[in-house]
$ cat start_31.pdb   # PDB, C-alpha atoms
MODEL        1
ATOM      1  CA  MET A 932       1.980  60.430   3.063
ATOM      2  CA  ASN A 933       4.842  60.831   0.664
ATOM      3  CA  THR A 934       6.933  58.859  -1.742
ATOM      4  CA  GLN A 935      10.426  58.879  -3.110
ATOM      5  CA  LYS A 936      11.550  61.331  -5.725
ATOM      6  CA  ILE A 937      11.253  60.289  -9.325
ATOM      7  CA  SER A 938      14.261  58.175 -10.207
ATOM      8  CA  ASN A 939      15.550  56.118 -13.133
ATOM      9  CA  LYS A 940      15.869  59.134 -15.424
ATOM     10  CA  ASN A 941      17.094  56.859 -18.231
ATOM     11  CA  ASN A 942      14.094  54.542 -17.964
ATOM     12  CA  PHE A 943      11.999  54.153 -21.129
ATOM     13  CA  PHE A 944       8.938  55.607 -19.396
ATOM     14  CA  THR A 945      10.702  58.799 -18.302
ATOM     15  CA  ARG A 946      11.757  60.019 -21.758
ATOM     16  CA  PRO A 947       9.453  62.816 -23.028
ATOM     17  CA  LEU A 948       8.676  61.320 -26.433
ATOM     18  CA  ASN A 949       8.095  57.876 -24.946
ATOM     19  CA  ILE A 950       5.781  59.364 -22.329
ATOM     20  CA  PHE A 951       3.863  61.172 -25.058
ATOM     21  CA  PHE A 952       3.411  58.200 -27.391
ATOM     22  CA  THR A 953       2.643  55.765 -24.561
ATOM     23  CA  ALA A 954       0.061  58.057 -22.971
ATOM     24  CA  VAL A 955      -1.565  58.784 -26.342
ATOM     25  CA  LEU A 956      -1.710  55.036 -27.068
ATOM     26  CA  CYS A 957      -3.407  54.408 -23.701
ATOM     27  CA  THR A 958      -5.978  57.151 -24.234
ATOM     28  CA  ALA A 959      -6.633  56.009 -27.813
ATOM     29  CA  LEU A 960      -7.270  52.471 -26.562
ATOM     30  CA  TRP A 961      -9.613  53.732 -23.822
ATOM     31  CA  GLY A 962     -11.289  55.984 -26.369
ATOM     32  CA  SER A 963     -11.857  53.016 -28.679
ATOM     33  CA  ALA A 964     -13.673  51.267 -25.840
ATOM     34  CA  ILE A 965     -16.538  53.792 -26.110
ATOM     35  CA  PRO A 966     -17.802  52.691 -29.555
ATOM     36  CA  VAL A 967     -16.725  49.050 -29.149
ATOM     37  CA  ILE A 968     -18.705  48.746 -25.906
ATOM     38  CA  LYS A 969     -21.777  49.975 -27.816
ATOM     39  CA  ILE A 970     -21.117  47.289 -30.436
ATOM     40  CA  GLY A 971     -20.663  44.746 -27.628
ATOM     41  CA  TYR A 972     -24.028  45.669 -26.102
ATOM     42  CA  GLU A 973     -25.703  44.908 -29.422
ATOM     43  CA  ALA A 974     -23.792  41.646 -29.830
ATOM     44  CA  PHE A 975     -24.730  40.419 -26.343
ATOM     45  CA  LYS A 976     -28.246  41.936 -26.496
ATOM     46  CA  ILE A 977     -27.680  44.276 -23.545
ATOM     47  CA  SER A 978     -30.175  47.086 -23.125
ATOM     48  CA  GLY A 979     -28.801  50.608 -22.816
ATOM     49  CA  GLU A 980     -30.913  51.055 -19.675
ATOM     50  CA  SER A 981     -29.768  47.828 -17.969
ATOM     51  CA  SER A 982     -26.911  48.944 -15.713
ATOM     52  CA  SER A 983     -26.844  45.496 -14.045
ATOM     53  CA  SER A 984     -26.148  43.735 -17.372
ATOM     54  CA  GLN A 985     -23.618  46.434 -18.265
ATOM     55  CA  MET A 986     -21.805  45.817 -14.968
ATOM     56  CA  LEU A 987     -21.851  42.067 -15.625
ATOM     57  CA  PHE A 988     -20.367  42.654 -19.080
ATOM     58  CA  ALA A 989     -17.696  44.909 -17.541
ATOM     59  CA  GLY A 990     -16.988  42.264 -14.893
ATOM     60  CA  TYR A 991     -16.236  39.629 -17.525
ATOM     61  CA  ARG A 992     -14.150  42.145 -19.454
ATOM     62  CA  PHE A 993     -11.939  43.155 -16.529
ATOM     63  CA  PHE A 994     -11.587  39.629 -15.146
ATOM     64  CA  ILE A 995     -10.353  38.397 -18.543
ATOM     65  CA  ALA A 996      -8.096  41.473 -18.792
ATOM     66  CA  GLY A 997      -6.578  40.571 -15.428
ATOM     67  CA  LEU A 998      -5.948  36.983 -16.526
ATOM     68  CA  ILE A 999      -4.308  38.141 -19.773
ATOM     69  CA  THR A1000      -2.039  40.557 -17.901
ATOM     70  CA  ILE A1001      -0.988  37.982 -15.298
ATOM     71  CA  LEU A1002      -0.332  35.273 -17.897
ATOM     72  CA  PHE A1003       1.643  37.618 -20.161
ATOM     73  CA  ARG A1004       3.740  38.921 -17.246
ATOM     74  CA  SER A1005       4.390  35.329 -16.114
ATOM     75  CA  LEU A1006       5.548  34.349 -19.603
ATOM     76  CA  ILE A1007       7.916  37.332 -19.753
ATOM     77  CA  SER A1008       9.246  36.546 -16.265
ATOM     78  CA  LYS A1009       9.438  32.798 -17.046
ATOM     79  CA  LYS A1010       7.673  32.134 -13.755
ATOM     80  CA  PHE A1011       4.194  32.585 -12.368
ATOM     81  CA  VAL A1012       3.877  36.051 -10.829
ATOM     82  CA  TYR A1013       1.831  36.601  -7.681
ATOM     83  CA  PRO A1014       1.647  39.293  -5.002
ATOM     84  CA  GLN A1015       3.571  39.177  -1.736
ATOM     85  CA  LYS A1016       1.676  39.346   1.546
ATOM     86  CA  ASN A1017       2.444  43.044   1.964
ATOM     87  CA  GLU A1018       0.989  43.782  -1.503
ATOM     88  CA  ILE A1019      -2.354  41.980  -1.188
ATOM     89  CA  LEU A1020      -4.181  44.700   0.760
ATOM     90  CA  GLY A1021      -3.030  47.403  -1.672
ATOM     91  CA  ILE A1022      -4.055  45.366  -4.725
ATOM     92  CA  ALA A1023      -7.464  44.658  -3.190
ATOM     93  CA  SER A1024      -7.908  48.366  -2.406
ATOM     94  CA  LEU A1025      -6.989  49.352  -5.967
ATOM     95  CA  GLY A1026      -9.284  46.724  -7.464
ATOM     96  CA  ILE A1027     -12.170  47.910  -5.297
ATOM     97  CA  VAL A1028     -11.615  51.641  -5.888
ATOM     98  CA  GLN A1029     -10.366  51.932  -9.468
ATOM     99  CA  THR A1030     -12.190  49.024 -11.096
ATOM    100  CA  ALA A1031     -15.237  47.987  -9.034
ATOM    101  CA  ILE A1032     -16.457  51.188  -7.371
ATOM    102  CA  GLN A1033     -15.589  53.432 -10.324
ATOM    103  CA  TYR A1034     -17.538  51.354 -12.831
ATOM    104  CA  ILE A1035     -20.479  50.598 -10.530
ATOM    105  CA  LEU A1036     -20.930  54.339 -10.037
ATOM    106  CA  PHE A1037     -20.268  55.053 -13.710
ATOM    107  CA  TYR A1038     -22.810  52.609 -15.132
ATOM    108  CA  THR A1039     -25.441  53.503 -12.531
ATOM    109  CA  SER A1040     -25.091  57.232 -13.255
ATOM    110  CA  LEU A1041     -25.601  56.762 -16.994
ATOM    111  CA  ASN A1042     -29.227  55.808 -16.293
ATOM    112  CA  TYR A1043     -29.792  59.402 -15.156
ATOM    113  CA  LEU A1044     -27.434  61.331 -17.465
ATOM    114  CA  THR A1045     -26.986  62.034 -21.144
ATOM    115  CA  GLY A1046     -23.777  60.653 -22.608
ATOM    116  CA  VAL A1047     -22.586  64.211 -23.275
ATOM    117  CA  LYS A1048     -23.036  65.399 -19.708
ATOM    118  CA  GLY A1049     -21.554  62.175 -18.339
ATOM    119  CA  SER A1050     -18.458  62.489 -20.522
ATOM    120  CA  ILE A1051     -17.831  66.067 -19.416
ATOM    121  CA  ILE A1052     -18.339  65.343 -15.704
ATOM    122  CA  ASN A1053     -16.189  62.215 -15.920
ATOM    123  CA  ALA A1054     -13.317  64.332 -17.279
ATOM    124  CA  SER A1055     -13.161  66.041 -13.876
ATOM    125  CA  GLY A1056     -11.317  62.957 -12.649
ATOM    126  CA  ASN A1057      -8.150  64.395 -14.158
ATOM    127  CA  PHE A1058      -8.552  67.499 -11.970
ATOM    128  CA  PHE A1059      -9.042  65.303  -8.909
ATOM    129  CA  ALA A1060      -5.898  63.312  -9.720
ATOM    130  CA  VAL A1061      -3.763  66.461  -9.853
ATOM    131  CA  ILE A1062      -5.240  67.737  -6.572
ATOM    132  CA  LEU A1063      -4.837  64.398  -4.748
ATOM    133  CA  ALA A1064      -1.248  64.146  -5.984
ATOM    134  CA  HIS A1065      -0.608  67.615  -4.563
ATOM    135  CA  ILE A1066      -1.942  66.506  -1.160
ATOM    136  CA  PHE A1067      -0.430  63.029  -0.852
ATOM    137  CA  ILE A1068       2.682  62.852  -3.037
ATOM    138  CA  LYS A1069       5.843  64.707  -2.181
ATOM    139  CA  ASN A1070       7.174  66.979  -4.950
ATOM    140  CA  ASP A1071       4.063  66.444  -7.123
ATOM    141  CA  LYS A1072       2.663  69.854  -6.266
ATOM    142  CA  LEU A1073      -0.054  71.872  -7.936
ATOM    143  CA  THR A1074       1.468  74.562 -10.152
ATOM    144  CA  PRO A1075       0.029  77.317 -12.372
ATOM    145  CA  LYS A1076       1.077  75.298 -15.432
ATOM    146  CA  LYS A1077      -0.828  72.216 -14.230
ATOM    147  CA  ILE A1078      -3.902  74.323 -13.488
ATOM    148  CA  ILE A1079      -3.804  75.987 -16.925
ATOM    149  CA  GLY A1080      -3.135  72.667 -18.659
ATOM    150  CA  CYS A1081      -6.071  70.978 -16.906
ATOM    151  CA  LEU A1082      -8.401  73.902 -17.624
ATOM    152  CA  LEU A1083      -7.516  73.795 -21.327
ATOM    153  CA  GLY A1084      -8.012  70.026 -21.357
ATOM    154  CA  PHE A1085     -11.394  70.315 -19.673
ATOM    155  CA  LEU A1086     -12.475  73.054 -22.091
ATOM    156  CA  GLY A1087     -11.439  70.760 -24.925
ATOM    157  CA  VAL A1088     -13.698  67.980 -23.594
ATOM    158  CA  VAL A1089     -16.610  70.419 -23.266
ATOM    159  CA  LEU A1090     -16.047  71.764 -26.797
ATOM    160  CA  CYS A1091     -15.818  68.261 -28.251
ATOM    161  CA  ASN A1092     -19.134  67.230 -26.694
ATOM    162  CA  ILE A1093     -21.095  70.477 -26.856
ATOM    163  CA  ASN A1094     -22.671  69.654 -30.220
ATOM    164  CA  GLY A1095     -23.644  66.126 -29.185
ATOM    165  CA  GLY A1096     -26.601  67.059 -26.992
ATOM    166  CA  GLU A1097     -27.995  69.454 -24.439
ATOM    167  CA  ILE A1098     -26.227  70.242 -21.176
ATOM    168  CA  ASP A1099     -28.550  71.412 -18.415
ATOM    169  CA  ALA A1100     -27.958  72.591 -14.868
ATOM    170  CA  ALA A1101     -30.013  69.818 -13.250
ATOM    171  CA  PHE A1102     -28.412  67.776 -10.482
ATOM    172  CA  SER A1103     -29.308  64.415  -8.956
ATOM    173  CA  PHE A1104     -27.172  62.402  -6.570
ATOM    174  CA  GLN A1105     -27.600  59.151  -8.527
ATOM    175  CA  GLY A1106     -26.811  60.922 -11.791
ATOM    176  CA  GLU A1107     -24.352  63.794 -11.587
ATOM    177  CA  GLY A1108     -23.351  62.872  -8.032
ATOM    178  CA  PHE A1109     -22.424  59.277  -8.886
ATOM    179  CA  MET A1110     -20.471  60.408 -11.957
ATOM    180  CA  VAL A1111     -18.447  62.864  -9.851
ATOM    181  CA  LEU A1112     -17.747  60.065  -7.354
ATOM    182  CA  ALA A1113     -16.736  57.768 -10.238
ATOM    183  CA  ALA A1114     -14.295  60.431 -11.444
ATOM    184  CA  PHE A1115     -12.932  60.756  -7.896
ATOM    185  CA  ALA A1116     -12.493  56.962  -7.707
ATOM    186  CA  PHE A1117     -10.488  57.048 -10.948
ATOM    187  CA  ALA A1118      -8.261  59.801  -9.541
ATOM    188  CA  SER A1119      -7.815  57.970  -6.239
ATOM    189  CA  GLY A1120      -6.795  54.885  -8.201
ATOM    190  CA  ALA A1121      -4.030  56.858  -9.902
ATOM    191  CA  VAL A1122      -2.561  57.895  -6.547
ATOM    192  CA  ILE A1123      -2.916  54.384  -5.088
ATOM    193  CA  THR A1124      -1.188  52.999  -8.196
ATOM    194  CA  LYS A1125       1.686  55.440  -7.667
ATOM    195  CA  PHE A1126       2.307  54.160  -4.143
ATOM    196  CA  LEU A1127       1.747  50.471  -4.925
ATOM    197  CA  THR A1128       4.098  50.324  -7.919
ATOM    198  CA  LYS A1129       6.938  52.232  -6.247
ATOM    199  CA  ASN A1130       8.682  49.015  -5.194
ATOM    200  CA  SER A1131       6.536  46.435  -6.996
ATOM    201  CA  ASP A1132       5.950  44.968 -10.456
ATOM    202  CA  SER A1133       3.370  47.297 -11.991
ATOM    203  CA  ALA A1134       2.129  44.715 -14.527
ATOM    204  CA  MET A1135       1.539  42.169 -11.768
ATOM    205  CA  ILE A1136      -0.280  44.792  -9.674
ATOM    206  CA  THR A1137      -2.416  45.729 -12.678
ATOM    207  CA  GLY A1138      -3.323  42.127 -13.495
ATOM    208  CA  TYR A1139      -4.486  41.215 -10.019
ATOM    209  CA  GLN A1140      -6.363  44.462  -9.383
ATOM    210  CA  LEU A1141      -8.230  44.139 -12.698
ATOM    211  CA  GLY A1142      -9.070  40.522 -11.964
ATOM    212  CA  PHE A1143     -10.248  41.240  -8.423
ATOM    213  CA  GLY A1144     -12.277  44.256  -9.516
ATOM    214  CA  GLY A1145     -13.762  42.185 -12.340
ATOM    215  CA  ILE A1146     -14.927  39.522  -9.888
ATOM    216  CA  ILE A1147     -16.675  42.165  -7.764
ATOM    217  CA  LEU A1148     -18.382  43.683 -10.811
ATOM    218  CA  THR A1149     -19.499  40.234 -11.972
ATOM    219  CA  ILE A1150     -21.002  39.408  -8.564
ATOM    220  CA  VAL A1151     -22.777  42.781  -8.342
ATOM    221  CA  GLY A1152     -24.078  42.378 -11.904
ATOM    222  CA  ILE A1153     -25.470  38.901 -11.206
ATOM    223  CA  LEU A1154     -27.013  39.833  -7.837
ATOM    224  CA  SER A1155     -28.700  42.885  -9.367
ATOM    225  CA  GLY A1156     -30.290  40.784 -12.111
ATOM    226  CA  GLY A1157     -27.846  41.286 -14.955
ATOM    227  CA  GLU A1158     -27.895  38.863 -17.894
ATOM    228  CA  LEU A1159     -25.805  38.297 -20.995
ATOM    229  CA  SER A1160     -27.020  36.501 -24.086
ATOM    230  CA  PHE A1161     -24.103  34.339 -25.232
ATOM    231  CA  PRO A1162     -24.258  33.186 -28.856
ATOM    232  CA  GLU A1163     -24.460  29.546 -29.855
ATOM    233  CA  LEU A1164     -20.994  28.874 -31.252
ATOM    234  CA  LYS A1165     -20.744  27.073 -34.573
ATOM    235  CA  ILE A1166     -17.325  26.142 -35.912
ATOM    236  CA  THR A1167     -18.613  26.428 -39.478
ATOM    237  CA  ASP A1168     -19.902  29.962 -38.940
ATOM    238  CA  ILE A1169     -17.238  32.461 -37.871
ATOM    239  CA  ASN A1170     -19.925  35.109 -37.308
ATOM    240  CA  THR A1171     -21.034  33.294 -34.154
ATOM    241  CA  PHE A1172     -17.629  34.118 -32.612
ATOM    242  CA  TYR A1173     -18.084  37.838 -33.266
ATOM    243  CA  PRO A1174     -19.399  38.740 -29.761
ATOM    244  CA  LEU A1175     -16.501  36.860 -28.149
ATOM    245  CA  PHE A1176     -14.017  38.719 -30.369
ATOM    246  CA  ILE A1177     -15.538  41.989 -29.137
ATOM    247  CA  LEU A1178     -15.197  40.889 -25.498
ATOM    248  CA  LEU A1179     -11.616  39.740 -26.116
ATOM    249  CA  TYR A1180     -10.674  43.061 -27.740
ATOM    250  CA  LEU A1181     -12.103  45.046 -24.822
ATOM    251  CA  SER A1182     -10.194  42.815 -22.401
ATOM    252  CA  LEU A1183      -6.952  43.210 -24.344
ATOM    253  CA  LEU A1184      -7.229  46.984 -24.555
ATOM    254  CA  SER A1185      -7.840  47.174 -20.789
ATOM    255  CA  SER A1186      -4.864  44.914 -20.113
ATOM    256  CA  ILE A1187      -2.526  46.946 -22.341
ATOM    257  CA  ALA A1188      -3.768  50.428 -21.411
ATOM    258  CA  PHE A1189      -3.912  49.909 -17.641
ATOM    259  CA  SER A1190      -0.504  48.176 -17.609
ATOM    260  CA  LEU A1191       1.198  50.956 -19.591
ATOM    261  CA  TRP A1192      -0.581  53.669 -17.583
ATOM    262  CA  ALA A1193       0.652  52.068 -14.358
ATOM    263  CA  GLU A1194       4.213  52.166 -15.723
ATOM    264  CA  LEU A1195       3.836  55.853 -16.555
ATOM    265  CA  LEU A1196       2.520  56.605 -13.068
ATOM    266  CA  LYS A1197       5.336  54.579 -11.495
ATOM    267  CA  TYR A1198       8.127  56.618 -13.072
ATOM    268  CA  ASN A1199       6.502  60.046 -13.417
ATOM    269  CA  PHE A1200       4.493  62.532 -11.424
ATOM    270  CA  VAL A1201       0.756  61.847 -11.350
ATOM    271  CA  GLY A1202      -0.009  65.447 -12.343
ATOM    272  CA  LYS A1203       2.228  65.130 -15.389
ATOM    273  CA  ILE A1204       0.446  62.028 -16.697
ATOM    274  CA  SER A1205      -3.161  62.760 -15.713
ATOM    275  CA  VAL A1206      -3.498  65.690 -18.140
ATOM    276  CA  TYR A1207      -3.342  63.177 -21.008
ATOM    277  CA  GLY A1208      -6.613  61.738 -19.689
ATOM    278  CA  PHE A1209      -8.502  64.591 -21.333
ATOM    279  CA  LEU A1210      -7.777  62.854 -24.656
ATOM    280  CA  ASN A1211      -9.994  59.873 -23.705
ATOM    281  CA  PRO A1212     -13.394  61.371 -24.593
ATOM    282  CA  ILE A1213     -11.988  63.110 -27.669
ATOM    283  CA  PHE A1214     -10.645  59.831 -29.032
ATOM    284  CA  GLY A1215     -14.023  58.372 -28.105
ATOM    285  CA  VAL A1216     -15.796  60.895 -30.336
ATOM    286  CA  ILE A1217     -13.343  60.407 -33.221
ATOM    287  CA  LEU A1218     -13.358  56.602 -33.078
ATOM    288  CA  SER A1219     -17.136  56.515 -32.646
ATOM    289  CA  GLY A1220     -17.306  58.464 -35.883
ATOM    290  CA  ILE A1221     -15.036  55.993 -37.643
ATOM    291  CA  LEU A1222     -16.573  52.783 -36.258
ATOM    292  CA  LEU A1223     -20.213  53.805 -35.877
ATOM    293  CA  GLY A1224     -20.497  56.206 -38.782
ATOM    294  CA  GLU A1225     -21.134  59.225 -36.560
ATOM    295  CA  ASN A1226     -20.112  62.732 -37.579
ATOM    296  CA  PHE A1227     -16.853  63.801 -35.965
ATOM    297  CA  PHE A1228     -14.885  65.826 -38.504
ATOM    298  CA  ASN A1229     -15.959  69.292 -37.456
ATOM    299  CA  ALA A1230     -14.585  72.496 -35.987
ATOM    300  CA  GLU A1231     -15.497  71.429 -32.428
ATOM    301  CA  THR A1232     -13.435  68.218 -32.539
ATOM    302  CA  ILE A1233     -10.455  69.912 -34.159
ATOM    303  CA  GLY A1234     -10.631  72.771 -31.653
ATOM    304  CA  ALA A1235     -10.870  70.290 -28.776
ATOM    305  CA  LEU A1236      -7.754  68.452 -29.937
ATOM    306  CA  ILE A1237      -5.881  71.752 -30.196
ATOM    307  CA  LEU A1238      -6.911  72.832 -26.668
ATOM    308  CA  VAL A1239      -6.008  69.483 -25.080
ATOM    309  CA  SER A1240      -2.700  69.349 -26.976
ATOM    310  CA  ILE A1241      -1.760  72.837 -25.786
ATOM    311  CA  GLY A1242      -2.665  71.816 -22.233
ATOM    312  CA  ILE A1243      -0.449  68.732 -22.461
ATOM    313  CA  LEU A1244       2.419  70.801 -23.844
ATOM    314  CA  ILE A1245       2.120  73.360 -21.049
ATOM    315  CA  VAL A1246       2.194  70.698 -18.327
ATOM    316  CA  ASN A1247       4.844  68.369 -19.778
ATOM    317  CA  PHE A1248       7.284  70.271 -21.911
ATOM    318  CA  ASN A1249       9.083  72.519 -19.469
ATOM    319  CA  LYS A1250      12.510  72.591 -17.853
ATOM    320  CA  LYS A1251      11.330  71.138 -14.554
ATOM    321  CA  GLY A1252       9.283  68.337 -16.236
TER     322      GLY A1252
ENDMDL
END

$ encode --input "start_31.pdb" --output "structure tokens"
Amino acid sequence: MNTQKISNKNNFFTRPLNIFFTAVLCTALWGSAIPVIKIGYEAFKISGESSSSQMLFAGYRFFIAGLITILFRSLISKKFVYPQKNEILGIASLGIVQTAIQYILFYTSLNYLTGVKGSIINASGNFFAVILAHIFIKNDKLTPKKIIGCLLGFLGVVLCNINGGEIDAAFSFQGEGFMVLAAFAFASGAVITKFLTKNSDSAMITGYQLGFGGIILTIVGILSGGELSFPELKITDINTFYPLFILLYLSLLSSIAFSLWAELLKYNFVGKISVYGFLNPIFGVILSGILLGENFFNAETIGALILVSIGILIVNFNKKG
């Protein structure tokens, strides 16, 4: 399999500074999801051990995110956007792999893993993305700079999480194994996105894949016994809308982050963009500190940011791009 060479050099998403700020925005949004999801679990009375209810919550989130993306893209286009026949199979595949399968594996694995170990293993998805791009995408080859950049990024994730709990050498298929598979699904989604958006509207692709994946997650969550406790809405009490505001924010951040990430993957090499993914868990730690009152301003977090930043610089800021 191969794809065309990167074109549109004057496109907004191919300029170095625009790539940097867009990718950082995406990872900051995804990082904010970590503490906000915890807040959402409390608001909807979801147990930390109930993966079925967590999947149901994620299903609603991604379905709404898909609707928001489709509606926004339709408003911008001044017409309702929908996939062509030759795009349906690809969108369904992306929705199954990147949204449904990834999050089913992710939420199931968390029942057997500490959050620290899960975060570190999940970061391996960025390695997988670079390797898969090397195999399937022409001219997106593995280079010493990409290897060094990814290693520094991974070390940054480990350093950022090392003080948050113990990391043991135990292995279970439903725990560590599922998290590795979830990371691989994320990486596979990046490569699928690259091929799908080559000649298609990336926002439209993103909207429909999120919506389709959200439907699958919702069905799986319901069939496995998941439940959400929706609040009784009272117009006179704005606090009753609080859980819905949380759900709406999570949906919006998914819509924005996945849409922008798809644009970055469309116009740039997968290996060049994936290294930014190591910022996700670091932003998660920082924003958890801000929103949940957890300690984050320490030498480990600062060192992690430095390592990941150096890795990003090594991969992105060179003559060959």

$ resolve_selection --input "start_31.pdb" --expression "the PyMOL selection byres ((chain A and resi 1087) around 8)" --output "list in words"
Leu1083, Gly1084, Phe1085, Leu1086, Val1088, Val1089, Leu1090, Cys1091, Phe1209, Gly1234, Ala1235, Leu1236, Ile1237, Leu1238 and Val1239 of chain A

$ atom_distance --input "start_31.pdb" --atom1 "atom CA of A:Thr953" --atom2 "atom CA of A:Thr1124"
17.0 Å

$ residues_around --input "start_31.pdb" --residues "stretch 961-971 of chain A" --least-positions-apart "6" --cutoff "12 Å" --atoms "all atoms listed in the file" --output "PyMOL selection string"
chain A and resi 954-955+977-979+984-986+988-989+992+1046+1050+1159-1161+1173-1189+1191-1192+1207-1225

$ residues_near_point --input "start_31.pdb" --point "(-10.8, 45.2, -11.2)" --cutoff "6 Å" --atoms "all atoms listed in the file" --output "list in words"
Phe993, Gly1026, Thr1030, Ala1031, Gln1140, Leu1141, Gly1142, Phe1143, Gly1144 and Gly1145 of chain A

$ closest_residue --input "start_31.pdb" --among "A:Gln1015, A:Ser1119, A:Asn1057, A:Thr1128" --to "A:Gln1033" --atoms "all atoms listed in the file"
A:Ser1119

$ closest_residue --input "start_31.pdb" --among "A:Phe1058, A:Phe1115, A:Phe944, A:Phe1104" --to "A:Leu1082" --atoms "all atoms listed in the file"
A:Phe1058

$ closest_residue --input "start_31.pdb" --among "A:Met1135, A:Phe943, A:Gly1152, A:Tyr991" --to "A:Phe1011" --atoms "only C-alpha atoms"
A:Met1135

$ closest_residue --input "start_31.pdb" --among "A:Ser1040, A:Ser1055, A:Asn1017, A:Asn1130" --to "A:Gln1105" --atoms "all atoms listed in the file"
A:Ser1040

$ closest_residue --input "start_31.pdb" --among "A:Glu1158, A:Lys1069, A:Ser1024, A:Phe1037" --to "A:Gly1049" --atoms "all atoms listed in the file"
A:Phe1037

$ closest_residue --input "start_31.pdb" --among "A:Phe1172, A:Tyr1139, A:Phe1248, A:Phe951" --to "A:Phe994" --atoms "only C-alpha atoms"
A:Tyr1139

$ atom_distance --input "start_31.pdb" --atom1 "atom CA of A:Lys1077" --atom2 "atom CA of A:Lys1203"
7.8 Å

$ residues_around --input "start_31.pdb" --residues "A:Ile1123" --least-positions-apart "4" --cutoff "12 Å" --atoms "all atoms listed in the file" --output "ChimeraX atom specification"
/A:932-934,1018,1020-1029,1060,1063-1064,1067-1068,1116-1119,1127-1129,1133,1136-1137,1140,1193,1196-1197,1201

$ atom_distance --input "start_31.pdb" --atom1 "atom CA of A:Ile1147" --atom2 "atom CA of A:Gly990"
7.1 Å

$ resolve_selection --input "start_31.pdb" --expression "the PyMOL selection byres ((chain A and resi 1108) around 12)" --output "ChimeraX atom specification"
/A:1036-1037,1039-1041,1043-1044,1048-1049,1052-1053,1101-1107,1109-1115

$ decode --input "start_31.pdb" --residues "stretch 1238-1242 of chain A" --atoms "all heavy atoms" --output "CSV table (one decimal), in the first residue's frame"
chain,number,residue,atom,x,y,z
A,1238,LEU,N,11.7,16.5,28.0
A,1238,LEU,CA,12.0,15.3,27.2
A,1238,LEU,C,11.1,15.2,25.9
A,1238,LEU,O,11.6,15.0,24.8
A,1238,LEU,CB,11.9,14.0,28.0
A,1238,LEU,CG,13.0,13.7,29.0
A,1238,LEU,CD1,12.7,12.5,29.9
A,1238,LEU,CD2,14.4,13.5,28.3
A,1239,VAL,N,9.8,15.3,26.2
A,1239,VAL,CA,8.9,15.2,25.0
A,1239,VAL,C,9.1,16.4,24.0
A,1239,VAL,O,9.1,16.2,22.8
A,1239,VAL,CB,7.4,15.3,25.5
A,1239,VAL,CG1,6.5,15.3,24.3
A,1239,VAL,CG2,7.1,14.0,26.4
A,1240,SER,N,9.4,17.6,24.6
A,1240,SER,CA,9.6,18.7,23.7
A,1240,SER,C,10.9,18.5,22.8
A,1240,SER,O,10.9,18.8,21.6
A,1240,SER,CB,9.8,20.0,24.5
A,1240,SER,OG,8.6,20.3,25.2
A,1241,ILE,N,11.9,18.0,23.4
A,1241,ILE,CA,13.1,17.7,22.7
A,1241,ILE,C,12.8,16.7,21.6
A,1241,ILE,O,13.3,16.8,20.5
A,1241,ILE,CB,14.3,17.2,23.6
A,1241,ILE,CG1,14.7,18.4,24.5
A,1241,ILE,CG2,15.5,16.7,22.8
A,1241,ILE,CD1,15.7,18.0,25.6
A,1242,GLY,N,12.1,15.6,22.0
A,1242,GLY,CA,11.7,14.6,21.0
A,1242,GLY,C,10.9,15.2,19.8
A,1242,GLY,O,11.2,14.8,18.7
